[in-house]
Each structure stands twice: as structure tokens, then as C-alpha cells.
$ cat final_5.cif   # mmCIF, C-alpha atoms and all ligand atoms
data_start
#
loop_
_atom_site.label_atom_id
_atom_site.label_comp_id
_atom_site.auth_asym_id
_atom_site.auth_seq_id
_atom_site.Cartn_x
_atom_site.Cartn_y
_atom_site.Cartn_z
CA MET A 183 30.05 14.08 17.71
CA THR A 184 28.56 17.22 19.27
CA SER A 185 25.34 17.18 21.22
CA LEU A 186 23.62 18.90 18.29
CA SER A 187 24.76 16.44 15.69
CA ARG A 188 24.01 13.63 18.06
CA ARG A 189 20.45 14.86 18.38
CA LYS A 190 20.16 15.25 14.62
CA PHE A 191 21.32 11.70 14.23
CA ILE A 192 18.79 10.42 16.71
CA ASN A 193 15.93 12.45 15.31
CA GLY A 194 16.86 11.31 11.83
CA ALA A 195 16.71 7.73 13.00
CA LEU A 196 13.27 8.28 14.48
CA VAL A 197 11.57 9.74 11.44
CA ALA A 198 9.63 7.07 9.58
CA GLY A 199 9.71 7.26 5.80
CA THR A 200 6.50 8.11 4.04
CA ALA A 201 7.61 7.61 0.46
CA SER A 202 5.91 4.92 -1.57
CA VAL A 203 9.28 3.40 -2.40
CA VAL A 204 11.73 2.00 0.11
CA SER A 205 15.37 1.92 -0.81
CA ALA A 206 18.07 0.04 0.99
CA GLY A 207 19.84 3.20 2.04
CA ALA A 208 23.34 4.49 1.50
CA GLY A 209 25.86 1.96 0.25
CA ALA A 210 23.32 -0.83 0.02
CA SER A 211 23.02 -2.94 -3.09
CA VAL A 212 19.40 -3.98 -2.65
CA PRO A 213 16.89 -2.69 -5.20
CA PRO A 214 13.87 -0.62 -4.14
CA ILE A 215 10.51 -2.28 -3.69
CA LEU A 216 7.71 -0.71 -5.68
CA LYS A 217 4.62 -0.54 -3.55
CA PRO A 218 1.98 -2.69 -5.24
CA ALA A 219 -1.47 -1.51 -6.21
CA GLY A 220 -4.59 -3.61 -5.80
CA SER A 221 -6.19 -5.64 -3.07
CA ALA A 222 -4.11 -7.65 -0.63
CA ASP A 223 -5.42 -10.85 -2.22
CA SER A 224 -4.15 -9.81 -5.64
CA VAL A 225 -0.82 -8.66 -4.18
CA ALA A 226 -0.50 -12.05 -2.47
CA THR A 227 0.09 -13.79 -5.79
CA ASP A 228 2.13 -11.02 -7.45
CA GLU A 229 5.39 -12.95 -7.78
CA LYS A 230 7.20 -9.98 -9.30
CA PHE A 231 6.53 -7.95 -6.18
CA TRP A 232 7.49 -10.73 -3.79
CA HIS A 233 10.63 -11.38 -5.77
CA ALA A 234 11.55 -7.71 -5.20
CA VAL A 235 10.76 -8.15 -1.51
CA ALA A 236 12.91 -11.28 -1.37
CA GLN A 237 15.88 -9.35 -2.75
CA ASN A 238 15.94 -7.62 0.63
CA TYR A 239 16.60 -10.81 2.56
CA ASP A 240 19.94 -12.56 2.72
CA VAL A 241 18.95 -16.15 3.43
CA THR A 242 21.00 -19.35 3.55
CA ASN A 243 20.97 -21.59 0.48
CA ASP A 244 21.78 -24.65 2.56
CA VAL A 245 18.15 -25.45 3.14
CA THR A 246 14.69 -24.17 2.19
CA ASN A 247 13.73 -22.33 5.33
CA LEU A 248 10.10 -22.97 6.25
CA GLU A 249 10.79 -22.38 9.95
CA ASN A 250 10.41 -18.64 10.30
CA GLY A 251 8.44 -18.74 13.55
CA TYR A 252 11.43 -18.60 15.92
CA TRP A 253 12.27 -15.09 14.89
CA GLY A 254 12.11 -13.18 11.61
CA ILE A 255 15.20 -12.63 9.51
CA MET A 256 15.86 -8.89 9.34
CA ALA A 257 15.51 -7.34 5.89
CA THR A 258 18.85 -5.99 4.67
CA PRO A 259 17.95 -2.30 5.16
CA VAL A 260 17.04 -3.07 8.78
CA LEU A 261 20.18 -5.14 9.29
CA GLN A 262 22.31 -2.34 7.89
CA GLU A 263 20.64 0.22 10.11
CA TYR A 264 21.14 -2.05 13.10
CA GLN A 265 24.82 -2.50 12.25
CA ARG A 266 25.24 1.25 11.77
CA LEU A 267 23.53 1.97 15.10
CA THR A 268 25.57 -0.69 16.87
CA ALA A 269 28.79 0.99 15.67
CA TRP A 270 27.44 4.43 16.52
CA VAL A 271 26.28 3.50 20.03
CA ASN A 272 29.58 1.76 20.63
CA ARG A 273 31.55 4.82 19.56
CA GLU A 274 29.39 7.38 21.40
CA ASN A 275 29.21 5.17 24.47
CA THR A 276 27.98 6.96 27.59
CA HIS A 277 28.38 10.31 25.86
CA PHE A 278 25.13 9.31 24.21
CA ALA A 279 23.65 6.97 26.79
CA ARG A 280 23.98 9.28 29.79
CA TRP A 281 22.75 12.39 28.00
CA ASP A 282 20.28 11.40 25.31
CA LEU A 283 19.09 7.85 25.87
CA GLY A 284 16.04 8.88 27.90
CA LYS A 285 14.87 11.27 25.19
CA THR A 286 15.56 8.67 22.53
CA TYR A 287 13.33 6.17 24.31
CA VAL A 288 10.54 8.71 24.67
CA GLY A 289 10.59 9.10 20.88
CA LEU A 290 10.80 5.35 20.33
CA ARG A 291 7.87 4.67 22.62
CA GLU A 292 5.80 7.30 20.81
CA GLN A 293 6.55 5.74 17.47
CA VAL A 294 5.87 2.17 18.58
CA ALA A 295 2.67 3.27 20.36
CA GLY A 296 1.53 4.96 17.13
CA PHE A 297 2.20 1.74 15.23
CA LEU A 298 0.23 -0.28 17.80
CA ASN A 299 -2.50 2.36 18.03
CA VAL A 300 -2.17 2.75 21.80
CA GLY A 301 -0.94 5.50 24.12
CA ALA A 302 2.81 6.04 24.52
CA ASP A 303 2.20 6.01 28.28
CA GLU A 304 0.68 2.53 27.97
CA ILE A 305 3.77 0.71 26.76
CA ALA A 306 7.37 -0.05 27.61
CA LEU A 307 9.93 -1.58 25.29
CA THR A 308 11.20 -4.99 26.34
CA ARG A 309 13.65 -7.56 25.00
CA GLY A 310 10.83 -9.75 23.78
CA ALA A 311 7.39 -11.18 24.46
CA THR A 312 8.62 -13.49 27.22
CA GLU A 313 9.90 -10.61 29.28
CA ALA A 314 6.72 -8.61 28.69
CA LEU A 315 4.37 -11.46 29.58
CA GLN A 316 6.33 -12.65 32.60
CA ALA A 317 6.21 -9.09 33.97
CA LEU A 318 2.43 -9.07 33.47
CA ILE A 319 1.72 -12.52 34.89
CA GLY A 320 4.14 -12.17 37.80
CA GLY A 321 3.07 -8.62 38.54
CA TYR A 322 -0.71 -9.10 38.36
CA ASN A 323 -1.77 -8.23 41.89
CA LYS A 324 -5.53 -8.71 42.00
CA LEU A 325 -5.38 -12.36 42.99
CA SER A 326 -6.44 -13.69 46.38
CA PRO A 327 -5.42 -17.11 47.67
CA GLY A 328 -7.71 -19.74 46.17
CA ASP A 329 -8.51 -17.77 42.99
CA THR A 330 -8.24 -19.82 39.81
CA VAL A 331 -5.83 -18.77 37.06
CA LEU A 332 -6.70 -20.44 33.76
CA TYR A 333 -4.43 -21.30 30.84
CA ALA A 334 -4.47 -23.80 28.01
CA ASP A 335 -2.31 -26.56 26.58
CA LEU A 336 -1.73 -24.40 23.52
CA ASP A 337 -0.25 -21.49 25.48
CA TYR A 338 3.50 -20.94 25.25
CA SER A 339 5.65 -23.02 27.64
CA GLU A 340 7.19 -20.12 29.57
CA MET A 341 3.80 -18.51 30.10
CA LYS A 342 2.32 -21.80 31.32
CA THR A 343 5.20 -21.98 33.81
CA ALA A 344 4.54 -18.40 34.89
CA MET A 345 0.83 -19.16 35.41
CA ARG A 346 1.72 -22.22 37.52
CA TRP A 347 4.16 -20.09 39.52
CA LEU A 348 1.22 -17.96 40.67
CA ALA A 349 0.43 -20.80 43.08
CA ASP A 350 3.62 -20.00 45.02
CA ARG A 351 3.56 -16.29 44.44
CA ARG A 352 -0.11 -15.50 45.10
CA GLY A 353 -1.65 -18.70 46.48
CA ALA A 354 -3.66 -19.03 43.24
CA VAL A 355 -4.91 -22.31 41.83
CA PRO A 356 -3.61 -22.83 38.27
CA VAL A 357 -5.88 -24.82 35.97
CA LYS A 358 -4.90 -26.01 32.48
CA VAL A 359 -7.61 -26.69 29.89
CA ASN A 360 -7.03 -28.57 26.64
CA PHE A 361 -8.14 -27.18 23.29
CA PRO A 362 -10.32 -29.22 20.96
CA GLU A 363 -8.36 -30.22 17.89
CA PRO A 364 -9.55 -30.65 14.31
CA THR A 365 -9.57 -34.17 12.92
CA LYS A 366 -9.23 -35.31 9.33
CA ASN A 367 -13.01 -35.13 8.91
CA LYS A 368 -13.99 -32.34 11.28
CA SER A 369 -12.51 -28.88 11.11
CA LEU A 370 -12.59 -26.43 13.99
CA THR A 371 -14.93 -23.42 13.94
CA GLU A 372 -15.02 -20.17 15.84
CA LYS A 373 -18.11 -21.54 17.57
CA ASP A 374 -16.09 -24.54 18.81
CA ILE A 375 -13.48 -22.22 20.33
CA LEU A 376 -16.08 -19.99 21.96
CA SER A 377 -17.94 -22.91 23.49
CA PHE A 378 -14.60 -24.38 24.63
CA TYR A 379 -13.89 -21.19 26.58
CA GLN A 380 -17.44 -20.91 27.82
CA GLN A 381 -17.34 -24.46 29.17
CA SER A 382 -13.88 -23.94 30.65
CA LEU A 383 -15.01 -20.82 32.50
CA ASP A 384 -18.27 -22.48 33.60
CA ALA A 385 -16.27 -25.39 34.98
CA ASN A 386 -13.93 -23.03 36.83
CA PRO A 387 -16.18 -20.39 38.40
CA LYS A 388 -13.41 -19.05 40.66
CA THR A 389 -11.34 -17.94 37.67
CA LYS A 390 -9.91 -14.46 38.12
CA LEU A 391 -7.17 -14.40 35.50
CA LEU A 392 -7.17 -15.90 32.01
CA LEU A 393 -4.16 -16.28 29.72
CA LEU A 394 -4.93 -16.21 25.99
CA THR A 395 -2.62 -16.72 23.03
CA HIS A 396 -3.84 -14.82 19.97
CA LEU A 397 -1.95 -16.61 17.19
CA ASN A 398 -0.81 -19.95 18.40
CA ASN A 399 2.81 -20.95 18.28
CA TRP A 400 2.23 -24.72 18.31
CA THR A 401 -0.45 -25.05 15.66
CA GLY A 402 -1.06 -21.61 14.11
CA LEU A 403 -4.65 -21.36 15.37
CA ILE A 404 -5.95 -17.79 15.72
CA ILE A 405 -8.62 -17.49 18.39
CA PRO A 406 -11.48 -14.93 18.56
CA VAL A 407 -9.81 -12.93 21.32
CA ALA A 408 -12.28 -10.02 21.36
CA LYS A 409 -15.24 -12.34 21.94
CA ILE A 410 -13.46 -14.43 24.58
CA ALA A 411 -12.20 -11.30 26.36
CA ALA A 412 -15.76 -9.91 26.42
CA MET A 413 -16.98 -13.22 27.85
CA ALA A 414 -14.27 -13.04 30.52
CA LYS A 415 -14.93 -9.40 31.34
CA ALA A 416 -18.63 -10.12 31.89
CA ARG A 417 -17.54 -12.59 34.58
CA GLY A 418 -15.08 -10.16 36.18
CA ILE A 419 -12.07 -12.03 34.80
CA ASP A 420 -8.96 -10.21 33.58
CA VAL A 421 -7.16 -11.39 30.45
CA ILE A 422 -3.44 -11.37 29.72
CA LEU A 423 -2.89 -11.68 25.98
CA ASP A 424 0.15 -13.34 24.45
CA ALA A 425 0.42 -11.76 21.00
CA ALA A 426 4.00 -12.79 20.26
CA HIS A 427 3.13 -13.92 16.73
CA SER A 428 0.54 -11.31 15.86
CA VAL A 429 2.26 -8.01 15.12
CA GLY A 430 3.35 -7.93 11.50
CA GLN A 431 1.74 -11.24 10.60
CA VAL A 432 -1.94 -10.31 10.93
CA ASP A 433 -4.17 -7.32 11.38
CA PHE A 434 -3.78 -6.58 15.07
CA ASP A 435 -5.44 -3.86 17.11
CA ILE A 436 -5.15 -4.01 20.88
CA GLU A 437 -8.11 -1.74 21.48
CA GLN A 438 -10.40 -3.85 19.29
CA LEU A 439 -9.29 -7.02 21.05
CA GLY A 440 -10.35 -5.53 24.39
CA CYS A 441 -7.45 -6.84 26.48
CA ASP A 442 -5.88 -4.71 29.19
CA PHE A 443 -2.56 -6.57 29.43
CA VAL A 444 -0.66 -7.59 26.30
CA GLY A 445 2.83 -8.81 25.45
CA VAL A 446 4.14 -8.67 21.89
CA ASN A 447 7.41 -8.81 20.11
CA LEU A 448 8.64 -7.03 17.05
CA HIS A 449 11.42 -9.45 16.18
CA LYS A 450 9.20 -12.08 14.62
CA TRP A 451 6.88 -10.72 11.94
CA ALA A 452 7.66 -7.01 12.02
CA GLY A 453 11.30 -7.93 11.32
CA ALA A 454 13.14 -5.96 14.05
CA PRO A 455 16.53 -7.06 15.37
CA ILE A 456 16.34 -9.76 18.04
CA GLY A 457 15.64 -8.10 21.39
CA CYS A 458 12.60 -5.99 20.56
CA GLY A 459 9.35 -6.55 22.44
CA VAL A 460 6.60 -4.45 23.96
CA VAL A 461 4.54 -4.67 27.12
CA TYR A 462 1.16 -2.95 26.97
CA ILE A 463 -0.98 -2.08 29.99
CA ASN A 464 -4.24 -0.19 29.59
CA LYS A 465 -3.68 3.06 31.43
CA GLU A 466 -6.78 2.50 33.57
CA HIS A 467 -5.22 -0.71 34.88
CA VAL A 468 -1.58 0.15 35.53
CA GLN A 469 -2.01 -0.31 39.26
CA ASP A 470 -3.15 -3.92 38.70
CA ILE A 471 0.45 -4.79 37.88
CA ASP A 472 3.01 -4.42 40.67
CA THR A 473 5.94 -2.13 40.11
CA TYR A 474 8.94 -4.30 39.28
CA MET A 475 10.36 -5.84 42.47
CA ALA A 476 8.74 -2.98 44.37
CA LYS A 477 10.88 -0.45 42.54
CA SER A 478 9.22 3.01 42.55
CA PRO A 479 6.22 1.94 44.66
CA GLY A 480 3.11 3.92 43.83
CA SER A 481 4.35 4.85 40.34
CA ASN A 482 1.67 4.85 37.69
CA LYS A 483 4.15 4.41 34.84
CA VAL A 484 4.19 1.29 32.69
CA THR A 485 7.96 1.68 32.49
CA ALA A 486 8.14 1.06 36.27
CA ARG A 487 6.68 -2.42 35.67
CA ILE A 488 9.80 -3.76 34.01
CA ASP A 489 13.50 -3.23 34.53
CA THR A 490 16.12 -5.03 32.51
CA GLY A 491 19.09 -2.80 33.18
CA THR A 492 21.35 -2.01 30.25
CA VAL A 493 19.60 -3.17 27.09
CA ASN A 494 20.69 -3.52 23.49
CA MET A 495 19.75 0.06 22.66
CA ALA A 496 20.91 -0.24 19.04
CA ALA A 497 18.29 -2.97 18.50
CA HIS A 498 15.54 -0.76 19.90
CA MET A 499 16.80 2.23 17.94
CA ALA A 500 16.49 0.20 14.73
CA ILE A 501 12.73 -0.13 15.29
CA PRO A 502 11.89 2.99 13.22
CA LYS A 503 13.71 1.54 10.20
CA THR A 504 11.97 -1.76 10.86
CA LEU A 505 8.57 -0.09 10.81
CA GLU A 506 9.49 1.90 7.72
CA PHE A 507 10.38 -1.29 5.86
CA HIS A 508 7.36 -3.12 7.23
CA ASN A 509 5.02 -0.31 6.17
CA GLN A 510 6.34 -0.42 2.61
CA ILE A 511 4.93 -3.94 2.34
CA GLY A 512 1.99 -3.44 4.70
CA THR A 513 0.43 -5.81 7.21
CA ALA A 514 -2.52 -6.67 4.96
CA ASN A 515 -0.18 -7.69 2.12
CA LYS A 516 2.05 -9.68 4.45
CA GLU A 517 -0.94 -11.47 5.94
CA ALA A 518 -2.43 -12.32 2.55
CA ARG A 519 0.91 -13.54 1.18
CA LEU A 520 1.56 -15.81 4.15
CA ARG A 521 -1.94 -17.23 3.93
CA TYR A 522 -1.46 -17.84 0.20
CA LEU A 523 1.88 -19.64 0.72
CA ARG A 524 0.25 -21.71 3.46
CA SER A 525 -2.65 -22.65 1.17
CA LEU A 526 -0.21 -24.01 -1.43
CA TRP A 527 0.96 -26.80 0.84
CA VAL A 528 -2.14 -27.23 3.02
CA ASP A 529 -4.53 -27.70 0.06
CA LYS A 530 -2.39 -30.60 -1.15
CA ALA A 531 -1.62 -31.99 2.30
CA ARG A 532 -5.29 -32.26 3.21
CA GLY A 533 -5.71 -34.91 0.53
CA MET A 534 -2.80 -37.04 1.74
CA LYS A 535 -3.63 -40.17 3.66
CA GLY A 536 -2.34 -40.47 7.21
CA LEU A 537 -1.79 -36.74 7.64
CA THR A 538 -3.91 -34.23 9.57
CA VAL A 539 -3.55 -30.47 9.26
CA LEU A 540 -4.03 -29.00 12.73
CA THR A 541 -5.52 -25.62 11.82
CA PRO A 542 -8.77 -24.79 10.02
CA ASP A 543 -8.70 -22.89 6.70
CA ASP A 544 -11.05 -20.12 7.85
CA PRO A 545 -8.95 -16.96 7.27
CA ALA A 546 -10.13 -15.62 10.63
CA MET A 547 -8.49 -18.61 12.30
CA VAL A 548 -5.15 -18.97 10.56
CA ALA A 549 -2.45 -16.99 8.75
CA GLY A 550 0.99 -18.27 7.69
CA LEU A 551 1.89 -20.64 10.48
CA THR A 552 0.36 -24.14 10.38
CA SER A 553 1.20 -27.54 11.84
CA PHE A 554 0.48 -31.09 10.75
CA ARG A 555 0.72 -34.50 12.36
CA LEU A 556 1.11 -37.92 10.82
CA ASP A 557 -1.48 -40.34 12.21
CA GLY A 558 -0.28 -41.81 15.48
CA VAL A 559 3.01 -39.93 15.35
CA THR A 560 2.71 -38.08 18.62
CA THR A 561 6.02 -38.48 20.43
CA THR A 562 8.82 -35.96 20.54
CA GLU A 563 11.31 -38.55 19.26
CA ALA A 564 9.18 -39.51 16.25
CA ASN A 565 8.52 -35.89 15.30
CA ASN A 566 12.19 -35.00 15.76
CA ALA A 567 13.01 -37.82 13.36
CA LEU A 568 10.45 -36.54 10.85
CA MET A 569 11.73 -32.97 11.12
CA LYS A 570 15.29 -34.21 10.56
CA ARG A 571 14.23 -36.32 7.61
CA LEU A 572 12.49 -33.37 5.97
CA ALA A 573 15.66 -31.30 6.37
CA THR A 574 18.35 -33.83 5.48
CA GLU A 575 16.59 -35.90 2.80
CA PHE A 576 14.41 -33.22 1.22
CA GLY A 577 16.18 -29.98 2.15
CA VAL A 578 13.14 -28.45 3.85
CA LEU A 579 13.53 -26.90 7.28
CA THR A 580 10.52 -27.17 9.61
CA THR A 581 10.35 -27.64 13.37
CA ARG A 582 8.94 -30.13 15.83
CA ARG A 583 6.54 -28.62 18.36
CA THR A 584 5.72 -30.05 21.78
CA GLY A 585 2.69 -28.41 23.34
CA PRO A 586 -0.74 -29.66 22.28
CA ALA A 587 -2.19 -32.14 24.77
CA THR A 588 -2.89 -34.50 21.85
CA GLY A 589 0.81 -34.84 21.04
CA ASP A 590 3.74 -33.37 19.16
CA CYS A 591 3.50 -32.11 15.61
CA ILE A 592 5.51 -30.48 12.82
CA ARG A 593 5.18 -26.75 12.24
CA VAL A 594 5.58 -25.17 8.80
CA THR A 595 6.17 -21.41 8.73
CA PRO A 596 6.92 -19.63 5.45
CA SER A 597 8.11 -16.04 5.36
CA PHE A 598 8.07 -13.12 2.97
CA TYR A 599 11.02 -14.31 0.92
CA ASN A 600 9.64 -17.82 0.34
CA THR A 601 8.27 -18.78 -3.06
CA PRO A 602 5.55 -21.12 -4.34
CA ASP A 603 8.39 -23.45 -5.44
CA ASP A 604 9.55 -23.64 -1.82
CA MET A 605 6.09 -24.77 -0.80
CA MET A 606 6.01 -27.37 -3.59
CA LYS A 607 9.27 -28.78 -2.29
CA LEU A 608 7.50 -29.51 0.98
CA VAL A 609 4.47 -30.96 -0.84
CA ASP A 610 6.71 -33.33 -2.83
CA ALA A 611 8.43 -34.47 0.35
CA LEU A 612 5.11 -35.05 2.14
CA LYS A 613 3.79 -37.04 -0.85
CA ILE A 614 6.72 -39.42 -0.63
CA ILE A 615 6.51 -39.71 3.15
CA THR A 616 2.75 -40.32 3.27
CA ASN A 617 2.90 -42.81 0.37
CA GLU A 618 5.14 -44.94 2.57
CA LEU A 619 2.49 -45.13 5.31
C1 LIG B 1 3.21 -17.67 21.54
C2 LIG B 1 4.56 -17.19 22.00
N1 LIG B 1 4.66 -16.46 23.11
C3 LIG B 1 5.83 -15.97 23.54
C4 LIG B 1 6.98 -16.20 22.86
C5 LIG B 1 8.26 -15.65 23.37
O1 LIG B 1 8.79 -14.71 22.54
P1 LIG B 1 10.31 -14.23 22.76
O2 LIG B 1 11.14 -15.47 22.70
O3 LIG B 1 10.55 -13.35 21.65
O4 LIG B 1 10.38 -13.59 24.08
C6 LIG B 1 6.96 -16.95 21.69
C7 LIG B 1 8.18 -17.23 20.93
O5 LIG B 1 8.23 -18.02 20.04
C8 LIG B 1 5.71 -17.45 21.25
O6 LIG B 1 5.61 -18.17 20.13
#

$ encode --input "final_5.cif" --output "C-alpha cells"
Amino acid sequence: MTSLSRRKFINGALVAGTASVVSAGAGASVPPILKPAGSADSVATDEKFWHAVAQNYDVTNDVTNLENGYWGIMATPVLQEYQRLTAWVNRENTHFARWDLGKTYVGLREQVAGFLNVGADEIALTRGATEALQALIGGYNKLSPGDTVLYADLDYSEMKTAMRWLADRRGAVPVKVNFPEPTKNKSLTEKDILSFYQQSLDANPKTKLLLLTHLNNWTGLIIPVAKIAAMAKARGIDVILDAAHSVGQVDFDIEQLGCDFVGVNLHKWAGAPIGCGVVYINKEHVQDIDTYMAKSPGSNKVTARIDTGTVNMAAHMAIPKTLEFHNQIGTANKEARLRYLRSLWVDKARGMKGLTVLTPDDPAMVAGLTSFRLDGVTTTEANNALMKRLATEFGVLTTRRTGPATGDCIRVTPSFYNTPDDMMKLVDALKIITNEL
């Protein structure tokens, strides 16, 4: 391929579609999705539309998959683009990578920054949220020995480890605080979360750095990040935001949330190939994060804050197709659909004896992902057994989560291809299980 045609190819790959119909592309057998009219709440229950969406996902029939929180299955048009790019990158090899990769990444960063509503000079592409957040936590250089770094039981395991590591790296004092949890009779409110953070910060006046998780991986709880970040800022505390589950699942705007350091991934709810994440650093605060292993000291580029060597460029280059497909459905419709599917099982589960749903129903505090616990069933072994029983006896795939200080739980995470019948399958299983208690 000549340099010209190579560029054409790359530019073509970077142009997001604006049509109101998305087709599966050349050679694909998937039907187009007609963009729905009406409010997100009415789209949420439009089974004809979601059936059309589901036609774009090739999903196993071996089990009903209600465990879509690990990563998101790529839609077929994205998968095909990824396969095409993998073959193309492999064939072009360094003919492409040595000459055009830099330019390609400039275009990719611009497009992703546009999607996230931030500056292209404020982000770098990563392999995932872990890489992004570890670079932020490890690189944060405003700590003095004895400063407190605060995190919570509900933060993600690797980030908790990274916060603890700051003791060795910076002489900081890591402190873990435990979230309040709803009970059968008392839900959790935004006020509860705000006073939890207020009390935690009051009790730890030397706090300099706070880790927050926007949409929680263990329970599904969404916290009022903007208000907590404002509270932290007023005390001179910086916030690192873990938004691994936010992009593509819920309305998410970094500027509105008021956090200067954010890690996200695109391979969960936006539906990119595995290996697509983003690190964001507010351009006023780039110097607060060390350049990676002292590479390019003094650089003010976000891209100097992370270095992963040769990456899966085909995965990153499939991001434009990912965003094109995502935009055909729209975040608001995705969010409303997931919340609707969640309500189908949660509304029934709330009435079951011996079972507690661990997230409130307030739409500001939950989307698609929600966990439950059977009374007294708090160990990893018991929840593993329950997860296995749901899969083998009832054909419903969930996952056991170990994280909340109050004990393990079972997480239920529907996706865009799931149906109300899938949710009823879970409800039927839970009825039988709780009737045995
Ligand atoms: C809250 C949270 N943070 C970070 C991560 C890490 O994301 P990744 O594995 O894509 O790096 C996850 C993954 O599940 C997560 O749920």
C-alpha cells in the first residue's frame, strides 16, 4: 500500500459516521439499527429496537450472561473493524508503524477527547483503567511524608493496593474508610454518602489525596462525585477519579465532575476491543503527575506520564468505529435501558425474604450494575457456591464480588443484548433459592 492510500485508509478509519442508521459494514450480515425517536425512558422499553441492537452481538447460548461488568462484548461491526485493522496492521507492519502511527494517534486522541469533552492535550490512550489509574496514583507528586491518602472499601482492589503503596513510595499514610451500606429497611441516600465523606475527611484532617470510584464495581453504587470533589477541593485535597464503569453506561462529563485526574476505559460500556483506556489530566495540573519513570523530565505532555511500549494499535484504531456504533444507540438510551433491565429483577428481589439489594433505586445512584446478598452469606466460599448454583442449576451467569467491608456479594450486570426474559430467569432462580431459606 502506498503512503497515500495508507493515509486514506487511516483517515477513513478516523471519520465517525453521522448517519442516523448504522450498518454493519461491507460483508457483514447484521441488519441496520434504526435510531429510535422519543425519550430515553420510552426507548428503554422499546423491545423492537433492542432486538435490533441485540442482532449486533454474537453471544454464547450456553448461559444467560448477566455478568457484563468484566468487559463489554464488542458489537459485530466493531469486532469486524478490529479484525480488519488487525490484519491490516499486521500486513503493513513497520511500514505503517514507523511512518504514520504518530499521526494516527494524534487523530485518535482528538476523537476520544471530543467524545469525552476534554482537550486532546489532556489525555493519553492506555490499555485500560488500571494502567491509567496506577500512573496517576503512582505519579502524583504533591505528597509529603505523613500526608494522609484516603480510599474506601468499595474502591477497586488494584487501586487500593496502589494507594497503600504510596506509603513506601512517598511516605504517605494510607487510610481506608468503609462505606455505609443499605439494609433491607433503610436505603442509602445522597445525603448519607455526602455525610460519610464529610465525616471521613473530618476524621482525617491531614488528607491530601482522595481516591473516588464513580460507579462502583462491587455494588453498582454511583456516588455524587461533583459534590464530594468540591468538598475535597475546599480542603485543599486532590481527587483521583476511577471512572472505569462510567463511560458508555451513564452520562459522564469530566468537567462537570470537577476532578483533575481521571482514569476510564472504553472496553466496558463503550464496547471497544479489550485494551482501550484513557488517562485524563487537567492541563493546569500536568506537573502534579511525575513523568513516567523520569522519562522526558520537565515535559508538560500527558503522553509523557505513561509509557507502555508497543501497544495493540489495532484495538486503539478501532475506537472510531466503537464510538460510531455507540453513538447510534446513545448514552442516554443505553443508561435508561440498563436501568430498566435492572429494575425488572430488583423490584421483585426487594420483596424476597432473606435477600438485600445493595444499591438504592434512586436513578442518580445506580444504573445497570447491582449486587445482592443473602442474609448472613458473607464469605467468598458461600458466594462462590451461590454464583455456581445460579449458573449450573439455573443457567444464569453472575459473579461473586469480594470488596465491601460488610462481606462478599453477588453482582448482576445486564447488557444491551439482554432481554426482559433474561431478567425473569434470574428472578425465578432467586425465588426458588430464597424460598429455601
Ligand atoms: C472500578 C474499576 N476500576 C478499575 C478497573 C480496571 O479496569 P481494567 O481492567 O480495564 O484496567 C475495573 C475493572 O473492572 C473496575 O471495575

$ closest_residue --input "final_5.cif" --among "A:Asn399, A:Thr473, A:Thr562, A:Thr601" --to "Gly251 of chain A" --atoms "only C-alpha atoms"
A:Asn399

$ residues_near_ligand --input "final_5.cif" --ligand "ligand LIG 1 (chain B)" --cutoff "9 Å" --atoms "all atoms listed in the file" --output "MDAnalysis selection string"
chainID A and resid 251:253 308:315 336:341 395:400 424:428 445:450 456:459

$ atom_distance --input "final_5.cif" --atom1 "atom CA of Asn367 of chain A" --atom2 "atom CA of Arg583 of chain A"
22.7 Å

$ closest_residue --input "final_5.cif" --among "A:Thr561, A:Ser553, A:Leu298, A:Gln381" --to "Leu505 of chain A" --atoms "all atoms listed in the file"
A:Leu298

$ residues_around --input "final_5.cif" --residues "segment 519-522 of chain A" --least-positions-apart "6" --cutoff "7 Å" --atoms "all atoms listed in the file" --output "ChimeraX atom specification"
/A:226,549-550,596-597

$ atom_distance --input "final_5.cif" --atom1 "atom CA of Thr268 of chain A" --atom2 "atom CA of Gly453 of chain A"
16.9 Å

$ residues_around --input "final_5.cif" --residues "segment 237-248 of chain A" --least-positions-apart "2" --cutoff "7 Å" --atoms "only C-alpha atoms" --output "list in words"
Val212, His233, Ala234, Val235, Asn250, Ala257, Thr258, Gly577, Val578, Leu579, Thr580, Val594, Thr595, Pro596, Tyr599 and Asp604 of chain A

$ residues_near_point --input "final_5.cif" --point "(-3.1, -16.1, 47.6)" --cutoff "9 Å" --atoms "only C-alpha atoms" --output "PyMOL selection string"
chain A and resi 325-329+348-355

$ closest_residue --input "final_5.cif" --among "A:Glu274, A:Asp435, A:Glu363, A:Glu618" --to "Ile375 of chain A" --atoms "only C-alpha atoms"
A:Glu363

$ decode --input "final_5.cif" --residues "segment 494-519 of chain A" --atoms "C-alpha atoms" --output "compact mmCIF listing (two decimals), in the first residue's frame"
# COMPACT_ATOMS: atom_id res chain seq x y z
CA ASN A 494 -2.22 -3.21 20.38
CA MET A 495 -2.64 -0.38 17.88
CA ALA A 496 -5.43 -2.16 16.01
CA ALA A 497 -7.53 -2.08 19.19
CA HIS A 498 -6.99 1.66 19.59
CA MET A 499 -7.62 2.25 15.89
CA ALA A 500 -11.00 0.53 16.24
CA ILE A 501 -12.12 3.21 18.72
CA PRO A 502 -13.69 5.42 16.00
CA LYS A 503 -15.91 2.54 14.86
CA THR A 504 -16.70 1.85 18.51
CA LEU A 505 -17.82 5.42 19.05
CA GLU A 506 -19.79 5.40 15.81
CA PHE A 507 -21.71 2.32 16.94
CA HIS A 508 -22.09 3.65 20.46
CA ASN A 509 -23.45 6.97 19.18
CA GLN A 510 -26.09 5.21 17.11
CA ILE A 511 -27.61 3.95 20.34
CA GLY A 512 -26.63 6.92 22.51
CA THR A 513 -25.51 7.05 26.13
CA ALA A 514 -28.90 8.23 27.40
CA ASN A 515 -30.67 5.28 25.75
CA LYS A 516 -28.06 2.81 26.99
CA GLU A 517 -28.33 4.18 30.52
CA ALA A 518 -32.13 4.06 30.55
CA ARG A 519 -32.20 0.53 29.11
